[in-house]
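Trainee: Following this line is target-v7.csv, made up of CSV, C-alpha atoms:
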chain,number,residue,atom,x,y,z
A,1,MET,CA,-10.2,-29.5,4.1
A,2,TRP,CA,-11.1,-31.2,7.4
A,3,ALA,CA,-7.4,-31.1,8.3
A,4,GLN,CA,-7.3,-27.3,7.8
A,5,ILE,CA,-10.5,-26.8,9.9
A,6,ILE,CA,-8.8,-28.7,12.7
A,7,ASN,CA,-5.6,-26.5,12.3
A,8,ALA,CA,-7.7,-23.3,12.4
A,9,LEU,CA,-9.4,-24.5,15.6
A,10,LEU,CA,-6.0,-25.4,17.1
A,11,GLY,CA,-4.7,-21.9,16.2
A,12,ILE,CA,-7.7,-20.4,18.0
A,13,TRP,CA,-7.1,-22.8,20.9
A,14,LEU,CA,-3.5,-21.5,21.1
A,15,MET,CA,-4.9,-17.9,21.4
A,16,ALA,CA,-7.1,-18.9,24.3
A,17,SER,CA,-4.9,-21.4,26.0
A,18,PRO,CA,-2.9,-18.9,28.2
A,19,ALA,CA,-6.2,-17.8,29.8
A,20,LEU,CA,-7.7,-21.4,30.0
A,21,LEU,CA,-4.5,-23.2,31.1
A,22,ARG,CA,-3.4,-20.3,33.3
A,23,PHE,CA,0.1,-19.6,32.2
A,24,GLU,CA,1.8,-16.2,31.7
A,25,GLY,CA,4.9,-14.5,30.5
A,26,ILE,CA,6.8,-15.4,27.4
A,27,ALA,CA,4.9,-18.7,27.0
A,28,ALA,CA,1.6,-16.7,26.8
A,29,ASP,CA,3.1,-14.1,24.4
A,30,ASN,CA,4.3,-16.9,22.2
A,31,SER,CA,0.8,-18.5,22.1
A,32,HIS,CA,-0.8,-15.2,21.4
A,33,ILE,CA,1.6,-14.6,18.5
A,34,VAL,CA,1.7,-18.1,16.9
A,35,GLY,CA,-2.0,-18.8,17.4
A,36,PRO,CA,-3.4,-16.2,15.0
A,37,ILE,CA,-0.7,-17.0,12.4
A,38,ILE,CA,-1.6,-20.7,12.3
A,39,ALA,CA,-5.4,-20.0,12.3
A,40,SER,CA,-5.0,-17.5,9.5
A,41,PHE,CA,-3.0,-19.7,7.2
A,42,ALA,CA,-5.3,-22.7,7.9
A,43,VAL,CA,-8.4,-20.6,7.1
A,44,ILE,CA,-6.9,-19.3,3.8
A,45,SER,CA,-6.2,-22.9,2.8
A,46,TRP,CA,-9.8,-23.9,3.2
A,47,TRP,CA,-10.3,-23.0,-0.5
A,48,GLU,CA,-8.9,-25.2,-3.2
A,49,ALA,CA,-7.2,-22.4,-5.1
A,50,THR,CA,-5.2,-21.5,-2.0
A,51,ARG,CA,-4.8,-25.0,-0.5
A,52,VAL,CA,-1.1,-24.6,-0.9
A,53,VAL,CA,-1.0,-22.0,1.9
A,54,ARG,CA,-1.4,-25.0,4.4
A,55,LEU,CA,2.3,-25.5,3.9
A,56,TYR,CA,3.0,-22.0,5.3
A,57,ASN,CA,2.0,-23.5,8.7
A,58,ILE,CA,5.1,-25.8,8.7
A,59,PRO,CA,7.5,-23.2,10.1
A,60,PRO,CA,5.2,-21.9,12.9
A,61,ALA,CA,4.3,-25.5,13.9
A,62,ALA,CA,7.9,-26.5,14.0
A,63,TRP,CA,8.7,-23.5,16.1
A,64,LEU,CA,6.0,-24.7,18.6
A,65,LEU,CA,8.1,-27.9,19.1
A,66,LEU,CA,11.2,-25.8,19.8
A,67,ALA,CA,9.8,-22.8,21.6
A,68,PRO,CA,9.5,-24.4,25.1
A,69,TRP,CA,13.2,-25.2,25.0
A,70,VAL,CA,14.5,-22.1,23.3
A,71,LEU,CA,12.4,-19.7,25.4
A,72,GLY,CA,12.7,-21.8,28.6
A,73,TYR,CA,9.0,-22.2,29.6
A,74,GLU,CA,8.4,-22.4,33.3
A,75,SER,CA,4.9,-23.8,33.0
A,76,THR,CA,4.7,-27.5,32.3
A,77,SER,CA,1.1,-27.2,30.9
A,78,ALA,CA,2.4,-24.6,28.4
A,79,LEU,CA,5.2,-26.9,27.4
A,80,VAL,CA,3.0,-29.9,26.8
A,81,ASN,CA,0.3,-27.7,25.1
A,82,ASP,CA,2.7,-26.2,22.6
A,83,MET,CA,4.5,-29.4,21.7
A,84,LEU,CA,1.2,-31.3,21.3
A,85,VAL,CA,-0.4,-28.5,19.2
A,86,GLY,CA,2.8,-28.1,17.2
A,87,ALA,CA,3.0,-31.8,16.4
A,88,VAL,CA,-0.6,-32.1,15.3
A,89,VAL,CA,-0.5,-28.8,13.2
A,90,LEU,CA,2.7,-30.0,11.6
A,91,GLY,CA,1.2,-33.3,10.6
A,92,LEU,CA,-2.1,-31.9,9.3
A,93,SER,CA,-0.2,-29.2,7.3
A,94,PHE,CA,0.8,-31.9,4.9
A,95,VAL,CA,-2.8,-33.1,4.3
A,96,LYS,CA,-3.7,-31.7,0.9
A,97,GLY,CA,-7.2,-32.9,0.9
A,98,ARG,CA,-9.4,-33.4,-2.2
A,99,ILE,CA,-9.0,-30.9,-5.1
A,100,THR,CA,-11.9,-31.2,-7.5
A,101,GLU,CA,-11.6,-28.0,-9.5
A,102,LYS,CA,-9.1,-27.1,-12.2
A,103,PHE,CA,-7.1,-23.9,-12.2
A,104,GLY,CA,-5.4,-23.8,-15.6
A,105,GLY,CA,-2.2,-25.1,-13.9
A,106,GLY,CA,-2.4,-23.1,-10.7
A,107,TRP,CA,0.0,-20.5,-9.3
A,108,SER,CA,3.1,-21.8,-11.0
A,109,ALA,CA,1.4,-21.4,-14.4
A,110,ILE,CA,1.7,-17.6,-13.9
A,111,TRP,CA,5.4,-17.7,-14.8
A,112,GLN,CA,5.8,-21.1,-16.5
A,113,SER,CA,5.3,-21.3,-20.3
A,114,ASP,CA,3.1,-23.9,-22.0
A,115,SER,CA,1.0,-24.5,-18.8
A,116,PRO,CA,-2.5,-26.1,-19.0
A,117,HIS,CA,-4.1,-22.6,-19.4
A,118,ALA,CA,-1.9,-21.7,-22.4
A,119,GLN,CA,-2.5,-25.1,-24.0
A,120,GLU,CA,-6.2,-24.8,-23.6
A,121,ALA,CA,-6.3,-21.2,-24.9
A,122,ARG,CA,-4.5,-22.4,-28.1
A,123,ARG,CA,-7.3,-24.9,-28.7
A,124,GLN,CA,-10.0,-22.3,-28.5
A,125,PRO,CA,-11.0,-20.3,-31.6
A,126,ARG,CA,-10.1,-16.6,-31.6
A,127,THR,CA,-13.3,-14.6,-31.7
A,128,GLU,CA,-14.1,-11.0,-31.7
A,129,MET,CA,-14.9,-10.0,-28.1
A,130,GLU,CA,-17.5,-7.6,-26.9
B,1,MET,CA,-17.9,-22.0,-23.9
B,2,SER,CA,-15.4,-19.5,-22.5
B,3,LYS,CA,-17.1,-16.7,-24.5
B,4,ASN,CA,-20.5,-17.3,-23.0
B,5,GLU,CA,-19.7,-18.2,-19.4
B,6,GLY,CA,-16.3,-16.5,-19.0
B,7,ILE,CA,-14.6,-19.7,-17.8
B,8,PRO,CA,-10.8,-19.1,-18.1
B,9,PRO,CA,-9.0,-21.7,-20.4
B,10,GLY,CA,-8.0,-24.8,-18.4
B,11,TRP,CA,-10.4,-23.9,-15.5
B,12,SER,CA,-13.4,-25.9,-14.4
B,13,TYR,CA,-15.3,-22.8,-13.3
B,14,ASN,CA,-15.4,-19.0,-13.6
B,15,PRO,CA,-13.8,-17.3,-10.6
B,16,ALA,CA,-15.4,-14.0,-11.7
B,17,ALA,CA,-18.9,-15.4,-11.7
B,18,TRP,CA,-21.4,-13.5,-9.4
B,19,GLY,CA,-21.9,-16.6,-7.3
B,20,GLN,CA,-18.1,-16.4,-6.5
B,21,ARG,CA,-18.0,-12.7,-6.0
B,22,LEU,CA,-21.2,-11.7,-4.2
B,23,PRO,CA,-20.5,-13.6,-1.0
B,24,ILE,CA,-17.1,-11.7,-0.7
B,25,VAL,CA,-18.8,-8.4,-1.3
B,26,GLY,CA,-21.4,-9.3,1.3
B,27,LEU,CA,-18.6,-10.1,3.8
B,28,ALA,CA,-16.9,-6.9,3.0
B,29,MET,CA,-20.1,-4.9,3.7
B,30,ILE,CA,-20.5,-6.7,7.1
B,31,GLY,CA,-16.8,-5.8,7.9
B,32,PHE,CA,-17.5,-2.3,6.8
B,33,SER,CA,-20.4,-2.0,9.2
B,34,ILE,CA,-18.4,-3.4,12.1
B,35,ALA,CA,-15.4,-1.1,11.4
B,36,THR,CA,-17.7,1.9,11.0
B,37,TYR,CA,-19.3,1.3,14.3
B,38,MET,CA,-15.9,1.0,16.1
B,39,ALA,CA,-14.7,4.1,14.3
B,40,LEU,CA,-17.7,6.1,15.5
B,41,PHE,CA,-16.7,5.1,19.1
B,42,GLN,CA,-13.1,6.1,18.4
B,43,LEU,CA,-14.3,9.4,17.1
B,44,LYS,CA,-16.3,9.8,20.3
B,45,ILE,CA,-19.5,10.0,18.4
B,46,LEU,CA,-20.7,7.0,20.4
B,47,ASP,CA,-20.1,6.8,24.2
B,48,THR,CA,-20.0,3.1,24.6
B,49,VAL,CA,-18.9,0.1,22.5
B,50,TRP,CA,-20.6,-3.3,22.5
B,51,GLU,CA,-18.5,-6.0,24.3
B,52,PRO,CA,-20.2,-9.2,25.5
B,53,PHE,CA,-17.2,-11.2,26.7
B,54,PHE,CA,-14.2,-9.2,27.8
B,55,GLY,CA,-15.6,-6.4,30.0
B,56,ASN,CA,-13.7,-3.2,29.6
B,57,ASP,CA,-11.2,-4.7,27.2
B,58,SER,CA,-12.8,-3.3,23.9
B,59,ARG,CA,-12.6,0.2,25.3
B,60,LYS,CA,-8.9,-0.4,26.2
B,61,ILE,CA,-8.0,-1.7,22.8
B,62,LEU,CA,-10.0,0.9,20.8
B,63,THR,CA,-8.5,3.8,22.8
B,64,SER,CA,-4.9,2.4,22.9
B,65,SER,CA,-1.8,4.1,21.6
B,66,VAL,CA,-1.6,1.8,18.6
B,67,SER,CA,-5.1,2.8,17.4
B,68,LYS,CA,-3.9,6.4,17.3
B,69,ILE,CA,-0.7,6.0,15.3
B,70,LEU,CA,-2.3,7.3,12.1
B,71,PRO,CA,-4.0,10.6,11.6
B,72,ILE,CA,-7.4,8.8,11.5
B,73,PRO,CA,-8.5,6.1,13.9
B,74,ASP,CA,-7.5,2.6,12.9
B,75,ALA,CA,-11.1,1.4,12.6
B,76,ALA,CA,-11.8,4.2,10.2
B,77,LEU,CA,-8.9,3.0,8.1
B,78,GLY,CA,-10.4,-0.5,8.3
B,79,ALA,CA,-13.8,0.7,7.2
B,80,ILE,CA,-12.1,2.4,4.1
B,81,GLY,CA,-10.3,-0.9,3.4
B,82,TYR,CA,-13.5,-2.9,3.6
B,83,LEU,CA,-15.3,-0.4,1.3
B,84,ALA,CA,-12.4,-0.7,-1.2
B,85,ASP,CA,-12.8,-4.5,-1.0
B,86,ALA,CA,-16.6,-4.3,-1.7
B,87,VAL,CA,-16.2,-1.8,-4.6
B,88,THR,CA,-13.4,-3.6,-6.3
B,89,GLY,CA,-15.2,-6.9,-5.7
B,90,ALA,CA,-18.4,-5.6,-7.3
B,91,VAL,CA,-17.1,-3.6,-10.3
B,92,GLY,CA,-17.1,-5.4,-13.7
B,93,GLY,CA,-18.8,-8.3,-15.4
B,94,THR,CA,-18.2,-12.0,-15.2
B,95,ARG,CA,-15.3,-11.9,-17.7
B,96,ARG,CA,-13.4,-9.2,-15.8
B,97,TRP,CA,-10.4,-11.4,-15.2
B,98,ARG,CA,-9.7,-10.7,-18.9
B,99,THR,CA,-11.6,-7.5,-19.7
B,100,MET,CA,-10.3,-5.5,-16.7
B,101,PRO,CA,-7.3,-7.2,-15.0
B,102,TRP,CA,-6.5,-3.9,-13.3
B,103,ILE,CA,-9.7,-4.2,-11.1
B,104,VAL,CA,-9.1,-7.8,-10.3
B,105,ILE,CA,-5.5,-7.1,-9.3
B,106,MET,CA,-6.6,-4.1,-7.2
B,107,PHE,CA,-9.2,-6.4,-5.6
B,108,GLY,CA,-6.5,-8.9,-4.7
B,109,LEU,CA,-4.2,-6.1,-3.4
B,110,ALA,CA,-7.1,-4.6,-1.3
B,111,VAL,CA,-8.0,-8.0,0.3
B,112,GLY,CA,-4.5,-9.2,1.0
B,113,PRO,CA,-3.0,-6.3,3.0
B,114,LEU,CA,-6.2,-5.7,4.9
B,115,GLY,CA,-6.1,-9.3,6.0
B,116,PHE,CA,-2.5,-9.0,7.0
B,117,ILE,CA,-3.0,-5.9,9.1
B,118,SER,CA,-6.0,-7.5,10.8
B,119,ILE,CA,-3.8,-10.5,11.8
B,120,LEU,CA,-1.1,-8.1,13.1
B,121,LEU,CA,-3.7,-6.2,15.2
B,122,VAL,CA,-5.0,-9.5,16.7
B,123,ILE,CA,-1.5,-10.3,17.8
B,124,LEU,CA,-0.9,-6.9,19.3
B,125,GLN,CA,-4.1,-6.9,21.4
B,126,PRO,CA,-3.0,-9.5,24.0
B,127,VAL,CA,0.7,-9.0,23.7
B,128,LEU,CA,0.8,-5.3,24.2
B,129,PHE,CA,-2.4,-4.5,26.0
B,130,ASP,CA,-3.4,-7.9,27.7
B,131,ALA,CA,-6.9,-7.4,26.4
B,132,TRP,CA,-9.3,-8.8,23.7
B,133,CYS,CA,-11.9,-6.9,21.7
B,134,THR,CA,-14.8,-9.0,20.4
B,135,LEU,CA,-15.7,-6.8,17.4
B,136,CYS,CA,-12.0,-6.4,16.5
B,137,LEU,CA,-11.7,-10.3,16.4
B,138,CYS,CA,-14.9,-10.5,14.3
B,139,SER,CA,-13.5,-8.0,11.9
B,140,ALA,CA,-10.2,-9.8,11.7
B,141,ALA,CA,-11.9,-13.1,11.1
B,142,ILE,CA,-13.9,-11.6,8.2
B,143,SER,CA,-10.9,-10.2,6.5
B,144,VAL,CA,-9.0,-13.5,6.8
B,145,ILE,CA,-12.0,-15.5,5.5
B,146,MET,CA,-12.1,-13.1,2.4
B,147,ILE,CA,-8.5,-13.8,1.3
B,148,GLY,CA,-8.9,-17.3,0.0
B,149,PRO,CA,-12.0,-16.8,-2.2
B,150,ALA,CA,-10.6,-13.5,-3.7
B,151,MET,CA,-7.3,-15.1,-4.8
B,152,ASP,CA,-8.6,-17.5,-7.5
B,153,GLU,CA,-9.7,-14.6,-9.6
B,154,PHE,CA,-6.3,-13.0,-9.1
B,155,MET,CA,-4.7,-16.2,-10.3
B,156,ALA,CA,-6.9,-16.3,-13.5
B,157,SER,CA,-6.0,-12.6,-14.3
B,158,MET,CA,-2.3,-13.3,-13.8
B,159,GLN,CA,-2.4,-16.4,-16.0
B,160,TYR,CA,-4.1,-14.2,-18.6
B,161,MET,CA,-1.4,-11.6,-18.4
B,162,LYS,CA,1.2,-14.4,-18.9
B,163,ARG,CA,-0.6,-15.4,-22.1
B,164,VAL,CA,-0.7,-11.8,-23.2
B,165,LYS,CA,3.1,-11.6,-22.7
B,166,ASP,CA,3.7,-14.8,-24.6
B,167,ALA,CA,1.6,-13.5,-27.5
B,168,ASN,CA,3.7,-10.3,-27.6
B,169,VAL,CA,0.6,-8.2,-27.0
B,170,SER,CA,1.0,-5.0,-25.0
B,171,LEU,CA,0.8,-5.9,-21.3
B,172,TRP,CA,-0.1,-2.3,-20.5
B,173,LYS,CA,-3.1,-2.3,-22.9
B,174,ALA,CA,-4.3,-5.7,-21.7
B,175,PHE,CA,-4.0,-4.7,-18.1
B,176,TRP,CA,-6.3,-1.7,-18.6
B,177,GLY,CA,-8.6,-3.8,-20.9
B,178,TYR,CA,-8.3,-1.8,-24.1
B,179,LYS,CA,-10.9,-2.9,-26.6
B,180,GLU,CA,-8.3,-3.4,-29.3
B,181,VAL,CA,-6.4,-6.1,-27.5
B,182,GLN,CA,-9.5,-8.0,-26.3
B,183,GLY,CA,-9.9,-11.1,-28.5
B,184,LYS,CA,-6.3,-11.2,-29.5
B,185,VAL,CA,-5.6,-13.3,-26.4
B,186,ILE,CA,-8.1,-15.6,-24.8
Let me see the structure of the file written as structure tokens.

Mentor:
Amino acid sequence: MWAQIINALLGIWLMASPALLRFEGIAADNSHIVGPIIASFAVISWWEATRVVRLYNIPPAAWLLLAPWVLGYESTSALVNDMLVGAVVLGLSFVKGRITEKFGGGWSAIWQSDSPHAQEARRQPRTEME
Amino acid sequence: MSKNEGIPPGWSYNPAAWGQRLPIVGLAMIGFSIATYMALFQLKILDTVWEPFFGNDSRKILTSSVSKILPIPDAALGAIGYLADAVTGAVGGTRRWRTMPWIVIMFGLAVGPLGFISILLVILQPVLFDAWCTLCLCSAAISVIMIGPAMDEFMASMQYMKRVKDANVSLWKAFWGYKEVQGKVI
């Protein structure tokens, strides 16, 4: 989870960096757009059941490595900032962290047959419910 | 065990337990208060809006063209969304992932899109208006924080619906929690 806390903080840092590092234009817009996306995906993956959402940060992080060249940043500090943040977020997106709870097979068990939840349900006696 | 505590099969805890749900309902109520306050400003019932960091920015955001796209102010829509989150989070007992999947799925649908719209509005603030609004950011943070904890219950309900389908029981009746289908599938 620590990895996703850092990624959330880096997303917020991206949102603030145009003002703090004093750059404007397309580089600032890019930071203002990508920052909230990275922060949101990172926060959603704080919980074990949605830890998989950390992987959604791979495309925006990879985009940060390309954006300075694709969009032609004029500010060096914006270029260095985006590439550093992109590299760190990309690396930390792969950190799964500890999963201690069980979720009956997780999200894929919603469409896969004979998942852990189905096997466990078969073992339990049928009883009249409330 | 699952009968008494409502733990879904193959799970280590019950995602519909009150300890899991009440914090989300509490967050939704805080979000509702913040959104209601901003809506009162947008409806011109309040003359000023609290803004500790960004000067006149909150006023700029809350009176912007985007906030008036819909027939009602966007903060009022947010307040309705938070209220829907709180109500669908609070309704039902601790086995509701099985006894009333419809409310769990509505809860998931209420939390998800609200979070998505919040993220979109946070992006629009600096990009379109070059301004930030503290309370809007707080509201967005709350709705993003709510997404993760709401989704485990959604997952449990969807797994239940899969077992219903595999058992050839009516998905429709299970979805609405008909008494006659409860107990046929665990």

Trainee: Residues of chain A within 7 Å of chain B, using all atoms listed in the file, as a short mmCIF file (atom, residue, chain, number, x, y, z; two decimals) with C-alpha atoms, keeping the file's coordinate frame?

Mentor:
data_model
loop_
_atom_site.label_atom_id
_atom_site.label_comp_id
_atom_site.auth_asym_id
_atom_site.auth_seq_id
_atom_site.Cartn_x
_atom_site.Cartn_y
_atom_site.Cartn_z
CA ASP A 29 3.10 -14.10 24.40
CA HIS A 32 -0.80 -15.20 21.40
CA ILE A 33 1.60 -14.60 18.50
CA PRO A 36 -3.40 -16.20 15.00
CA SER A 40 -5.00 -17.50 9.50
CA VAL A 43 -8.40 -20.60 7.10
CA ILE A 44 -6.90 -19.30 3.80
CA SER A 45 -6.20 -22.90 2.80
CA TRP A 47 -10.30 -23.00 -0.50
CA ALA A 49 -7.20 -22.40 -5.10
CA THR A 50 -5.20 -21.50 -2.00
CA GLU A 101 -11.60 -28.00 -9.50
CA LYS A 102 -9.10 -27.10 -12.20
CA PHE A 103 -7.10 -23.90 -12.20
CA GLY A 104 -5.40 -23.80 -15.60
CA TRP A 107 0.00 -20.50 -9.30
CA ALA A 109 1.40 -21.40 -14.40
CA ILE A 110 1.70 -17.60 -13.90
CA TRP A 111 5.40 -17.70 -14.80
CA PRO A 116 -2.50 -26.10 -19.00
CA HIS A 117 -4.10 -22.60 -19.40
CA ALA A 118 -1.90 -21.70 -22.40
CA GLU A 120 -6.20 -24.80 -23.60
CA ALA A 121 -6.30 -21.20 -24.90
CA ARG A 126 -10.10 -16.60 -31.60
CA THR A 127 -13.30 -14.60 -31.70
CA GLU A 128 -14.10 -11.00 -31.70
CA MET A 129 -14.90 -10.00 -28.10
#

Trainee: Record the distance separating atom CA of B:Met38 and atom CA of A:Met15, expressed in Å with one decimal.

Mentor: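 Between atom CA of B:Met38 and atom CA of A:Met15 the gap is 22.5 Å.
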
Trainee: Which protein, DNA or RNA residues have an atom at most 10 Å from (10.2, -19.9, 21.5), counting all atoms listed in the file? List them as a PDB file with C-alpha atoms, in the frame of the given file.

Mentor:
ATOM      1  CA  ILE A  26       6.800 -15.400  27.400  1.00  0.00           C
ATOM      2  CA  ALA A  27       4.900 -18.700  27.000  1.00  0.00           C
ATOM      3  CA  ASP A  29       3.100 -14.100  24.400  1.00  0.00           C
ATOM      4  CA  ASN A  30       4.300 -16.900  22.200  1.00  0.00           C
ATOM      5  CA  SER A  31       0.800 -18.500  22.100  1.00  0.00           C
ATOM      6  CA  VAL A  34       1.700 -18.100  16.900  1.00  0.00           C
ATOM      7  CA  TRP A  63       8.700 -23.500  16.100  1.00  0.00           C
ATOM      8  CA  LEU A  64       6.000 -24.700  18.600  1.00  0.00           C
ATOM      9  CA  LEU A  65       8.100 -27.900  19.100  1.00  0.00           C
ATOM     10  CA  LEU A  66      11.200 -25.800  19.800  1.00  0.00           C
ATOM     11  CA  ALA A  67       9.800 -22.800  21.600  1.00  0.00           C
ATOM     12  CA  PRO A  68       9.500 -24.400  25.100  1.00  0.00           C
ATOM     13  CA  TRP A  69      13.200 -25.200  25.000  1.00  0.00           C
ATOM     14  CA  VAL A  70      14.500 -22.100  23.300  1.00  0.00           C
ATOM     15  CA  LEU A  71      12.400 -19.700  25.400  1.00  0.00           C
ATOM     16  CA  GLY A  72      12.700 -21.800  28.600  1.00  0.00           C
ATOM     17  CA  TYR A  73       9.000 -22.200  29.600  1.00  0.00           C
ATOM     18  CA  ASP A  82       2.700 -26.200  22.600  1.00  0.00           C
TER      19      ASP A  82
END

Trainee: Please measure the separation of atom CA of A:Arg54 and atom CA of A:Ser93, giving the value in Å to one decimal.

Mentor: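 According to the coordinates, atom CA of A:Arg54 and atom CA of A:Ser93 are separated by 5.2 Å.
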
Trainee: Rounded to one decimal place, report the atom CA of B:Ala17-atom CA of A:Thr100 distance in Å.

Mentor: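 These two atoms are separated by 17.8 Å.
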
Trainee: Select all residues near (-19.7, -6.8, 2.5) (cut-off 6 Å, inclusive, file coordinates), counting all atoms listed in the file, and output them as JSON, numbers by chain.

Mentor: {"B": [25, 26, 27, 28, 29, 30, 86]}

Trainee: Please provide as a PDB file with C-alpha atoms, in the frame of the given file all residues within 8 Å of A:Pro60, with the sequence filter that same-chain residues fewer than 6 positions apart are discarded (counting all atoms listed in the file).

Mentor:
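Written output follows (selection.pdb):
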ATOM      1  CA  VAL A  34       1.700 -18.100  16.900  1.00  0.00           C
ATOM      2  CA  ILE A  37      -0.700 -17.000  12.400  1.00  0.00           C
ATOM      3  CA  ILE A  38      -1.600 -20.700  12.300  1.00  0.00           C
ATOM      4  CA  GLY A  86       2.800 -28.100  17.200  1.00  0.00           C
TER       5      GLY A  86
END

Trainee: What lies within 10 Å of B:Pro52 using all atoms listed in the file, ignoring chain neighbours under 6 positions off, as a ChimeraX atom specification?

Mentor: /B:58,133-135

Trainee: Identify, on the basis of only C-alpha atoms, every residue whose closest approach to A:Phe94 does not exceed 8 Å; exclude the query and any residue fewer than 3 positions from it along the same chain; express the result as a list in words.

Mentor: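 Counting only the stated atoms, we get Arg54, Leu55, Leu90 and Gly91 of chain A.
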
Trainee: When you count only C-alpha atoms, which of these residues is closest to A:Val52: A:Gln119, A:Ser75, A:Lys96, A:Gln4?

Mentor: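 So, comparing all the options, the nearest one is A:Lys96.
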
Trainee: Counting all atoms listed in the file, which residue out of B:Ala174, B:Ala84, B:Ile7, B:Ile24 sits closest to B:Pro101?

Mentor: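 Distance minimum relative to B:Pro101 lands on B:Ala174.
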
Trainee: Starting from the incomplete input, reconstruct N, CA and C atoms of stretch 34-46 of chain A and report them as a PDB file, keeping the file's coordinate frame.

Mentor:
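Contents of part_15.pdb, freshly written:
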ATOM      1  N   VAL A  34       1.732 -16.941  17.845  1.00  0.00           N
ATOM      2  CA  VAL A  34       1.700 -18.100  16.900  1.00  0.00           C
ATOM      3  C   VAL A  34       0.269 -18.487  16.579  1.00  0.00           C
ATOM      4  N   GLY A  35      -0.623 -18.393  17.570  1.00  0.00           N
ATOM      5  CA  GLY A  35      -2.000 -18.800  17.400  1.00  0.00           C
ATOM      6  C   GLY A  35      -2.702 -18.167  16.187  1.00  0.00           C
ATOM      7  N   PRO A  36      -2.742 -16.814  16.138  1.00  0.00           N
ATOM      8  CA  PRO A  36      -3.400 -16.200  15.000  1.00  0.00           C
ATOM      9  C   PRO A  36      -2.752 -16.481  13.664  1.00  0.00           C
ATOM     10  N   ILE A  37      -1.425 -16.660  13.659  1.00  0.00           N
ATOM     11  CA  ILE A  37      -0.700 -17.000  12.400  1.00  0.00           C
ATOM     12  C   ILE A  37      -1.195 -18.322  11.876  1.00  0.00           C
ATOM     13  N   ILE A  38      -1.196 -19.331  12.759  1.00  0.00           N
ATOM     14  CA  ILE A  38      -1.600 -20.700  12.300  1.00  0.00           C
ATOM     15  C   ILE A  38      -3.079 -20.671  11.905  1.00  0.00           C
ATOM     16  N   ALA A  39      -3.940 -20.001  12.693  1.00  0.00           N
ATOM     17  CA  ALA A  39      -5.400 -20.000  12.300  1.00  0.00           C
ATOM     18  C   ALA A  39      -5.576 -19.314  10.986  1.00  0.00           C
ATOM     19  N   SER A  40      -4.853 -18.221  10.722  1.00  0.00           N
ATOM     20  CA  SER A  40      -5.000 -17.500   9.500  1.00  0.00           C
ATOM     21  C   SER A  40      -4.608 -18.335   8.268  1.00  0.00           C
ATOM     22  N   PHE A  41      -3.414 -18.917   8.330  1.00  0.00           N
ATOM     23  CA  PHE A  41      -3.000 -19.700   7.200  1.00  0.00           C
ATOM     24  C   PHE A  41      -3.902 -20.920   6.993  1.00  0.00           C
ATOM     25  N   ALA A  42      -4.396 -21.511   8.080  1.00  0.00           N
ATOM     26  CA  ALA A  42      -5.300 -22.700   7.900  1.00  0.00           C
ATOM     27  C   ALA A  42      -6.604 -22.216   7.262  1.00  0.00           C
ATOM     28  N   VAL A  43      -7.146 -21.062   7.680  1.00  0.00           N
ATOM     29  CA  VAL A  43      -8.400 -20.600   7.100  1.00  0.00           C
ATOM     30  C   VAL A  43      -8.221 -20.293   5.602  1.00  0.00           C
ATOM     31  N   ILE A  44      -7.090 -19.641   5.245  1.00  0.00           N
ATOM     32  CA  ILE A  44      -6.900 -19.300   3.800  1.00  0.00           C
ATOM     33  C   ILE A  44      -6.789 -20.611   3.002  1.00  0.00           C
ATOM     34  N   SER A  45      -6.280 -21.703   3.590  1.00  0.00           N
ATOM     35  CA  SER A  45      -6.200 -22.900   2.800  1.00  0.00           C
ATOM     36  C   SER A  45      -7.452 -23.753   2.784  1.00  0.00           C
ATOM     37  N   TRP A  46      -8.557 -23.210   3.302  1.00  0.00           N
ATOM     38  CA  TRP A  46      -9.800 -23.900   3.200  1.00  0.00           C
ATOM     39  C   TRP A  46     -10.263 -23.977   1.702  1.00  0.00           C
TER      40      TRP A  46
END
